[in-house]
file protein-v2.cif (mmCIF, C-alpha atoms)
data_work
#
loop_
_atom_site.label_atom_id
_atom_site.label_comp_id
_atom_site.auth_asym_id
_atom_site.auth_seq_id
_atom_site.Cartn_x
_atom_site.Cartn_y
_atom_site.Cartn_z
CA MET U 23 32.31 19.52 -49.97
CA ILE U 24 30.48 21.32 -47.14
CA ALA U 25 27.17 20.00 -48.52
CA VAL U 26 28.50 16.43 -48.51
CA ILE U 27 29.80 16.77 -44.93
CA ALA U 28 26.50 18.24 -43.70
CA THR U 29 24.33 15.61 -45.39
CA ALA U 30 26.66 12.78 -44.35
CA PHE U 31 26.27 13.99 -40.75
CA PHE U 32 22.48 14.11 -41.22
CA MET U 33 22.49 10.57 -42.62
CA ALA U 34 24.71 9.25 -39.81
CA TRP U 35 22.40 10.85 -37.23
CA ALA U 36 19.39 9.29 -38.97
CA VAL U 37 21.07 5.86 -38.91
CA GLY U 38 21.56 6.25 -35.16
CA ALA U 39 17.95 7.32 -34.67
CA ASN U 40 16.64 4.26 -36.52
CA ASP U 41 19.15 1.47 -37.08
CA SER U 42 20.65 1.45 -33.60
CA ALA U 43 17.32 0.06 -32.39
CA LYS U 44 18.04 -3.09 -34.37
CA ALA U 45 21.31 -3.63 -32.48
CA VAL U 46 20.07 -2.99 -28.93
CA GLY U 47 16.27 -2.93 -29.22
CA THR U 48 15.83 -6.53 -28.05
CA ALA U 49 18.09 -5.89 -25.05
CA VAL U 50 16.28 -2.70 -24.03
CA GLY U 51 12.82 -4.06 -24.79
CA SER U 52 13.39 -7.20 -22.73
CA GLY U 53 14.60 -5.09 -19.79
CA ILE U 54 18.11 -6.55 -19.74
CA VAL U 55 19.92 -3.33 -20.70
CA GLY U 56 18.89 0.22 -19.81
CA PHE U 57 18.63 2.91 -22.48
CA LYS U 58 21.73 4.89 -21.42
CA ARG U 59 23.84 1.74 -21.31
CA ALA U 60 22.50 0.80 -24.75
CA VAL U 61 23.67 4.18 -26.10
CA LEU U 62 27.13 3.49 -24.66
CA ILE U 63 27.20 0.05 -26.37
CA ILE U 64 26.31 1.72 -29.67
CA ALA U 65 28.93 4.46 -29.27
CA VAL U 66 31.78 2.08 -28.47
CA PHE U 67 31.11 -0.95 -30.65
CA THR U 68 29.69 0.81 -33.70
CA THR U 69 32.77 3.03 -33.79
CA LEU U 70 34.97 -0.05 -33.55
CA GLY U 71 33.03 -1.69 -36.38
CA ALA U 72 33.37 1.38 -38.59
CA VAL U 73 37.09 1.81 -37.87
CA ILE U 74 38.50 -1.72 -37.66
CA GLY U 75 35.74 -3.86 -39.16
CA HIS U 76 36.54 -5.41 -42.52
CA SER U 77 33.76 -5.05 -45.07
CA ALA U 78 33.44 -4.62 -48.82
CA VAL U 79 30.22 -2.64 -48.30
CA PRO U 80 31.74 0.89 -48.69
CA GLY U 81 33.25 -0.15 -52.02
CA THR U 82 29.88 -1.47 -53.21
CA ILE U 83 28.11 1.79 -52.30
CA THR U 84 30.89 3.94 -53.80
CA GLY U 85 30.63 1.93 -57.02
CA LEU U 86 26.87 2.54 -57.23
CA ALA U 87 27.51 6.29 -56.80
CA GLU U 88 29.91 6.36 -59.75
CA GLY U 89 29.22 9.28 -62.08
CA LEU U 90 27.62 11.50 -59.42
CA THR U 91 29.15 14.89 -58.65
CA THR U 92 29.82 16.04 -55.10
CA ALA U 93 26.59 18.05 -55.06
CA GLN U 94 24.59 15.10 -56.39
CA VAL U 95 26.02 12.79 -53.73
CA ALA U 96 24.90 15.34 -51.14
CA LEU U 97 21.36 15.32 -52.59
CA ALA U 98 21.28 11.51 -52.51
CA LEU U 99 22.38 11.52 -48.87
CA PHE U 100 19.78 14.15 -47.99
CA SER U 101 17.02 12.15 -49.70
CA ALA U 102 17.92 8.92 -47.91
CA ALA U 103 18.29 10.66 -44.54
CA SER U 104 14.91 12.36 -44.96
CA ALA U 105 13.21 9.01 -45.60
CA VAL U 106 14.83 7.48 -42.51
CA THR U 107 13.95 10.47 -40.30
CA LEU U 108 10.29 10.39 -41.34
CA ALA U 109 10.16 6.68 -40.48
CA SER U 110 11.72 7.35 -37.07
CA LEU U 111 9.03 9.95 -36.38
CA ILE U 112 6.39 7.20 -36.64
CA SER U 113 8.58 4.67 -34.77
CA MET U 114 9.06 2.41 -37.81
CA PRO U 115 12.35 0.44 -37.98
CA ILE U 116 13.01 0.80 -41.69
CA SER U 117 16.07 -0.06 -43.73
CA THR U 118 18.56 2.79 -44.08
CA THR U 119 20.37 0.54 -46.54
CA GLN U 120 17.32 0.40 -48.79
CA SER U 121 16.86 4.16 -48.50
CA ILE U 122 20.43 4.80 -49.66
CA ILE U 123 20.10 2.35 -52.55
CA GLY U 124 16.77 3.92 -53.51
CA ALA U 125 18.30 7.40 -53.47
CA LEU U 126 21.21 6.25 -55.65
CA ILE U 127 18.89 4.64 -58.19
CA GLY U 128 16.72 7.79 -58.29
CA SER U 129 19.83 9.94 -58.77
CA ALA U 130 21.14 7.77 -61.61
CA LEU U 131 17.78 7.75 -63.39
CA ALA U 132 17.48 11.54 -63.08
CA LEU U 133 20.90 11.99 -64.66
CA GLY U 134 20.47 9.32 -67.32
CA LEU U 135 23.40 7.37 -65.89
CA PRO U 136 23.62 3.60 -66.31
CA VAL U 137 22.37 1.63 -63.32
CA ASN U 138 24.21 -1.54 -62.36
CA TRP U 139 21.05 -3.63 -62.27
CA TRP U 140 23.05 -6.83 -61.77
CA MET U 141 24.49 -5.50 -58.52
CA ILE U 142 21.11 -4.04 -57.52
CA GLY U 143 19.56 -7.46 -58.13
CA LYS U 144 22.15 -9.15 -55.91
CA ILE U 145 21.53 -6.60 -53.15
CA ILE U 146 17.73 -6.98 -53.35
CA SER U 147 17.99 -10.78 -53.29
CA ALA U 148 20.06 -10.44 -50.10
CA TRP U 149 17.30 -8.29 -48.60
CA PHE U 150 14.87 -11.18 -49.05
CA PHE U 151 17.39 -13.78 -47.92
CA SER U 152 18.66 -12.08 -44.74
CA PRO U 153 15.40 -12.11 -42.67
CA VAL U 154 14.73 -15.75 -43.59
CA PHE U 155 18.32 -16.74 -42.81
CA ALA U 156 18.23 -14.76 -39.55
CA SER U 157 14.98 -16.47 -38.57
CA LEU U 158 16.45 -19.93 -39.10
CA LEU U 159 19.62 -18.99 -37.21
CA ALA U 160 17.60 -17.59 -34.28
CA ILE U 161 15.61 -20.83 -34.01
CA ALA U 162 18.78 -22.94 -34.19
CA ILE U 163 20.51 -20.83 -31.53
CA TYR U 164 17.44 -21.02 -29.28
CA LYS U 165 17.30 -24.82 -29.59
CA ILE U 166 20.95 -25.05 -28.50
CA TYR U 167 20.96 -22.22 -25.98
CA ASN U 168 17.74 -22.91 -24.05
CA PRO U 169 18.63 -26.48 -22.91
CA LEU U 170 22.07 -25.28 -21.79
CA LEU U 171 20.51 -22.57 -19.64
CA LYS U 172 18.26 -25.11 -17.94
CA ARG U 173 21.36 -26.81 -16.58
CA ILE U 174 22.18 -23.72 -14.50
CA LYS U 175 20.41 -24.32 -11.20
CA CYS U 176 21.52 -21.22 -9.31
CA LEU U 177 19.08 -18.36 -10.10
CA LYS U 178 21.74 -15.67 -9.59
CA ASN U 179 24.13 -17.37 -11.99
CA LEU U 180 21.34 -17.87 -14.50
CA GLU U 181 20.41 -14.17 -14.47
CA LEU U 182 24.05 -13.13 -14.73
CA THR U 183 24.65 -15.49 -17.67
CA GLN U 184 21.60 -14.22 -19.52
CA LYS U 185 22.57 -10.58 -18.99
CA TRP U 186 26.11 -11.12 -20.25
CA LEU U 187 24.98 -13.08 -23.29
CA VAL U 188 22.41 -10.43 -24.26
CA PHE U 189 25.10 -7.77 -23.78
CA LEU U 190 27.53 -9.68 -26.00
CA ALA U 191 24.87 -10.17 -28.70
CA SER U 192 24.09 -6.44 -28.62
CA ALA U 193 27.79 -5.54 -28.80
CA TYR U 194 28.23 -7.89 -31.76
CA SER U 195 25.19 -6.32 -33.47
CA ALA U 196 26.52 -2.81 -32.81
CA PHE U 197 29.88 -3.80 -34.32
CA ASN U 198 28.04 -5.11 -37.41
CA LEU U 199 26.10 -1.84 -37.53
CA GLY U 200 29.43 -0.06 -37.92
CA THR U 201 30.64 -2.39 -40.67
CA ASN U 202 27.30 -2.39 -42.53
CA GLU U 203 24.92 0.58 -42.11
CA VAL U 204 27.55 3.15 -41.12
CA SER U 205 29.70 1.81 -43.95
CA ASN U 206 26.89 2.70 -46.36
CA VAL U 207 27.19 6.33 -45.28
CA ILE U 208 30.99 6.11 -45.34
CA GLY U 209 30.87 4.79 -48.91
CA LEU U 210 28.76 7.74 -50.10
CA ALA U 211 30.79 10.25 -48.08
CA LYS U 212 33.96 8.98 -49.74
CA ALA U 213 32.28 9.18 -53.15
CA GLY U 214 31.58 12.83 -52.33
CA GLY U 215 35.21 13.52 -51.48
CA MET U 216 35.43 13.02 -47.69
CA SER U 217 38.55 11.19 -46.51
CA ASN U 218 38.58 8.79 -43.53
CA PRO U 219 35.16 9.78 -42.11
CA ASN U 220 34.66 6.42 -40.33
CA ALA U 221 35.09 7.32 -36.64
CA LEU U 222 33.41 10.73 -36.89
CA LEU U 223 30.31 9.39 -38.63
CA ALA U 224 30.07 6.52 -36.12
CA LEU U 225 30.12 8.98 -33.22
CA ILE U 226 27.45 11.15 -34.84
CA MET U 227 25.40 8.00 -35.28
CA ALA U 228 25.73 7.40 -31.52
CA PHE U 229 24.36 10.92 -30.96
CA GLY U 230 21.37 9.99 -33.11
CA THR U 231 20.85 6.98 -30.85
CA LEU U 232 20.90 9.16 -27.75
CA THR U 233 18.51 11.79 -29.06
CA PHE U 234 15.89 10.01 -31.13
CA SER U 235 15.94 6.21 -31.05
CA TYR U 236 13.91 5.17 -28.00
CA LYS U 237 10.52 4.74 -29.70
CA VAL U 238 12.00 2.65 -32.51
CA MET U 239 13.74 0.50 -29.89
CA MET U 240 10.37 -0.18 -28.26
CA THR U 241 8.89 -1.19 -31.62
CA ILE U 242 11.68 -3.74 -32.04
CA GLY U 243 11.93 -4.88 -28.43
CA LYS U 244 8.28 -4.93 -27.35
CA ASP U 245 5.72 -4.30 -30.06
CA ILE U 246 6.47 -7.13 -32.53
CA ALA U 247 6.38 -9.94 -29.97
CA PRO U 248 7.06 -10.43 -26.24
CA LEU U 249 10.75 -11.00 -25.63
CA GLY U 250 12.36 -12.65 -22.65
CA PRO U 251 16.15 -12.84 -22.16
CA THR U 252 16.47 -16.13 -24.04
CA SER U 253 14.49 -14.93 -27.06
CA ALA U 254 16.29 -11.58 -27.02
CA PHE U 255 19.70 -13.24 -27.20
CA SER U 256 18.71 -15.81 -29.83
CA SER U 257 17.06 -13.22 -32.08
CA GLN U 258 19.86 -10.68 -31.80
CA PHE U 259 22.65 -13.19 -32.27
CA GLY U 260 20.93 -14.88 -35.23
CA ALA U 261 20.36 -11.52 -36.93
CA SER U 262 23.97 -10.50 -36.33
CA ILE U 263 25.35 -13.64 -37.95
CA ALA U 264 23.07 -13.10 -40.97
CA VAL U 265 24.27 -9.50 -41.40
CA ASN U 266 27.89 -10.45 -40.85
CA THR U 267 27.63 -13.15 -43.54
CA ALA U 268 26.30 -10.59 -46.03
CA ASN U 269 29.11 -8.17 -45.12
CA LEU U 270 31.69 -10.77 -46.11
CA PHE U 271 30.25 -10.71 -49.64
CA GLY U 272 30.06 -6.90 -49.78
CA LEU U 273 26.26 -6.91 -49.77
CA PRO U 274 24.71 -3.95 -47.91
CA VAL U 275 21.77 -5.71 -46.23
CA SER U 276 19.43 -4.38 -43.60
CA SER U 277 20.11 -5.25 -39.98
CA GLY U 278 16.51 -4.19 -39.35
CA GLN U 279 15.11 -6.77 -41.73
CA ALA U 280 17.37 -9.40 -40.19
CA VAL U 281 16.34 -8.74 -36.58
CA VAL U 282 12.63 -8.40 -37.43
CA GLY U 283 12.84 -11.70 -39.29
CA ALA U 284 14.64 -13.31 -36.35
CA ILE U 285 12.13 -12.07 -33.76
CA SER U 286 9.10 -13.04 -35.86
CA GLY U 287 10.45 -16.45 -36.88
CA LEU U 288 11.49 -17.42 -33.37
CA SER U 289 8.20 -16.22 -31.87
CA VAL U 290 6.20 -18.30 -34.37
CA TYR U 291 8.42 -21.32 -33.63
CA LYS U 292 7.78 -20.90 -29.89
CA GLY U 293 4.04 -20.53 -30.46
CA GLU U 294 4.01 -16.96 -29.15
CA LYS U 295 1.76 -14.20 -30.46
CA VAL U 296 3.20 -11.94 -33.16
CA ASN U 297 1.61 -8.52 -33.61
CA LYS U 298 0.62 -8.85 -37.26
CA LYS U 299 -0.44 -5.21 -37.60
CA VAL U 300 2.93 -3.91 -36.43
CA LEU U 301 4.72 -6.44 -38.61
CA THR U 302 2.63 -5.47 -41.65
CA ASP U 303 3.33 -1.77 -41.05
CA ILE U 304 7.08 -2.48 -40.80
CA VAL U 305 7.11 -4.47 -44.06
CA LYS U 306 5.17 -1.69 -45.81
CA SER U 307 7.73 0.84 -44.60
CA TRP U 308 10.52 -1.29 -46.12
CA VAL U 309 8.90 -0.67 -49.53
CA GLU U 310 7.86 2.94 -48.96
CA ALA U 311 11.20 4.22 -47.63
CA PRO U 312 13.39 3.43 -50.67
CA LEU U 313 10.62 4.61 -53.02
CA PHE U 314 10.38 7.91 -51.14
CA ALA U 315 14.16 8.33 -51.11
CA GLY U 316 14.42 7.49 -54.81
CA ILE U 317 11.61 9.82 -55.87
CA LEU U 318 12.93 12.66 -53.70
CA ALA U 319 16.45 12.25 -55.09
CA PHE U 320 15.05 12.18 -58.65
CA ILE U 321 13.08 15.40 -58.06
CA LEU U 322 15.87 17.27 -56.25
CA ILE U 323 18.53 16.43 -58.82
CA ASN U 324 16.25 17.50 -61.67
CA LEU U 325 15.43 20.76 -59.86
CA PHE U 326 19.05 21.58 -59.07
CA SER U 327 20.16 20.61 -62.58
CA SER U 328 17.53 22.93 -64.08
CA ALA U 329 18.81 25.72 -61.83
CA GLY U 330 22.33 25.18 -63.14
CA PHE U 331 23.83 23.52 -60.05
#

call {"tool": "encode", "arguments": {"input": "protein-v2.cif", "output": "structure tokens"}}
result
Amino acid sequence: MIAVIATAFFMAWAVGANDSAKAVGTAVGSGIVGFKRAVLIIAVFTTLGAVIGHSAVPGTITGLAEGLTTAQVALALFSAASAVTLASLISMPISTTQSIIGALIGSALALGLPVNWWMIGKIISAWFFSPVFASLLAIAIYKIYNPLLKRIKCLKNLELTQKWLVFLASAYSAFNLGTNEVSNVIGLAKAGGMSNPNALLALIMAFGTLTFSYKVMMTIGKDIAPLGPTSAFSSQFGASIAVNTANLFGLPVSSGQAVVGAISGLSVYKGEKVNKKVLTDIVKSWVEAPLFAGILAFILINLFSSAGF
């Protein structure tokens, strides 16, 4: 049990270091919200999402971990968290969801357990669908939102409106982070025997945001494409709706894929320059992270099994 608690804490911290950038990166990168205020948004709204948010995601993750012992769940968590931490070191906003799924598949293959490929297929299809859906939503929101803003003639009121809307979009994204990415960790923690870890893991995730997330935030908020307040709100809100839709169906999608898709799609629609190198590196990391987590979990479980653990 101690191993599960320790690795669940490690995974929650890693989620904060990487995935929190997808909730507040556009706000910080566009200069609307400062870093410390962004950490506060994450701490409050992610905890609320983990505690009161309704999602079938934990059940999906727990189901995929069926057949694993407590020690094996801990190894899967460690493998996924290691993949996410390595990505954060190079400022890449990867998918913690994909890393967890990769670790679970690697664990099952190492143990000769049956893999629910039908569910895995549904999850992977959602990974492809969410960035496209988020992109379309961001464009639609921008087309509605931008003309409405132009009706506000007072500059002070315009700035205030934009700040509040970006704040609300970030809060909504942070809430979704609690019901989606943190729920992935909660699902595995419960499979390993932890009871009611929601609030504690969400708070540890906020600590990960405070200590290690700034560079990933800049990748999201500045390096992919230039973001003004209008683009920041449209991208963040579109990505949040896409993730929330997936949550309703119990599909653990990546908020990172959704927000990257939203930023890229909206920027192309507006005729703005998208940094193709950064975007290519991000997409590569989406493939590399789950592979690394899966291979590491496969190796660790085989090693520990050979040693009699």

call {"tool": "resolve_selection", "arguments": {"input": "protein-v2.cif", "expression": "the PyMOL selection byres ((chain U and resi 312) around 8)", "output": "MDAnalysis selection string"}}
result
chainID U and resid 102 105 120:125 308:311 313:316

call {"tool": "write_last_selection", "arguments": {"input": "protein-v2.cif", "atoms": "C-alpha atoms", "output": "compact mmCIF listing (two decimals), in the frame of the given file"}}
result
# COMPACT_ATOMS: atom_id res chain seq x y z
CA ALA U 102 17.92 8.92 -47.91
CA ALA U 105 13.21 9.01 -45.60
CA GLN U 120 17.32 0.40 -48.79
CA SER U 121 16.86 4.16 -48.50
CA ILE U 122 20.43 4.80 -49.66
CA ILE U 123 20.10 2.35 -52.55
CA GLY U 124 16.77 3.92 -53.51
CA ALA U 125 18.30 7.40 -53.47
CA TRP U 308 10.52 -1.29 -46.12
CA VAL U 309 8.90 -0.67 -49.53
CA GLU U 310 7.86 2.94 -48.96
CA ALA U 311 11.20 4.22 -47.63
CA LEU U 313 10.62 4.61 -53.02
CA PHE U 314 10.38 7.91 -51.14
CA ALA U 315 14.16 8.33 -51.11
CA GLY U 316 14.42 7.49 -54.81

call {"tool": "residues_around", "arguments": {"input": "protein-v2.cif", "residues": "U:Ala98", "least_positions_apart": "5", "cutoff": "9 Å", "atoms": "only C-alpha atoms", "output": "PyMOL selection string"}}
result
chain U and resi 29+93+103+122+124-126+128-129+210+315-316+318-320+322-323

call {"tool": "resolve_selection", "arguments": {"input": "protein-v2.cif", "expression": "the PyMOL selection byres ((chain U and resi 71) around 7)", "output": "short mmCIF file (atom, residue, chain, number, x, y, z; two decimals) with C-alpha atoms, keeping the file's coordinate frame"}}
result
data_model
loop_
_atom_site.label_atom_id
_atom_site.label_comp_id
_atom_site.auth_asym_id
_atom_site.auth_seq_id
_atom_site.Cartn_x
_atom_site.Cartn_y
_atom_site.Cartn_z
CA PHE U 67 31.11 -0.95 -30.65
CA THR U 68 29.69 0.81 -33.70
CA THR U 69 32.77 3.03 -33.79
CA LEU U 70 34.97 -0.05 -33.55
CA ALA U 72 33.37 1.38 -38.59
CA VAL U 73 37.09 1.81 -37.87
CA ILE U 74 38.50 -1.72 -37.66
CA GLY U 75 35.74 -3.86 -39.16
CA PHE U 197 29.88 -3.80 -34.32
CA ASN U 198 28.04 -5.11 -37.41
CA GLY U 200 29.43 -0.06 -37.92
CA THR U 201 30.64 -2.39 -40.67
#

call {"tool": "residues_around", "arguments": {"input": "protein-v2.cif", "residues": "stretch 297-302 of chain U", "least_positions_apart": "4", "cutoff": "9 Å", "atoms": "only C-alpha atoms", "output": "VMD selection string"}}
result
chain U and resid 114 241 245 to 247 282 286 306 to 307

call {"tool": "residues_around", "arguments": {"input": "protein-v2.cif", "residues": "U:Ile116", "least_positions_apart": "3", "cutoff": "8 Å", "atoms": "only C-alpha atoms", "output": "list in words"}}
result
Asn40, Asp41, Val106, Ala109, Gly278, Gln279, Ile304, Ser307, Trp308 and Ala311 of chain U

call {"tool": "closest_residue", "arguments": {"input": "protein-v2.cif", "among": "U:Trp149, U:Phe189, U:Trp35, U:Phe326", "to": "U:Leu273", "atoms": "all atoms listed in the file"}}
result
U:Trp149

call {"tool": "residues_near_point", "arguments": {"input": "protein-v2.cif", "point": "(25.9, -14.8, -45.6)", "cutoff": "12 Å", "atoms": "all atoms listed in the file", "output": "PyMOL selection string"}}
result
chain U and resi 145+147-149+151-156+159+260-275+280
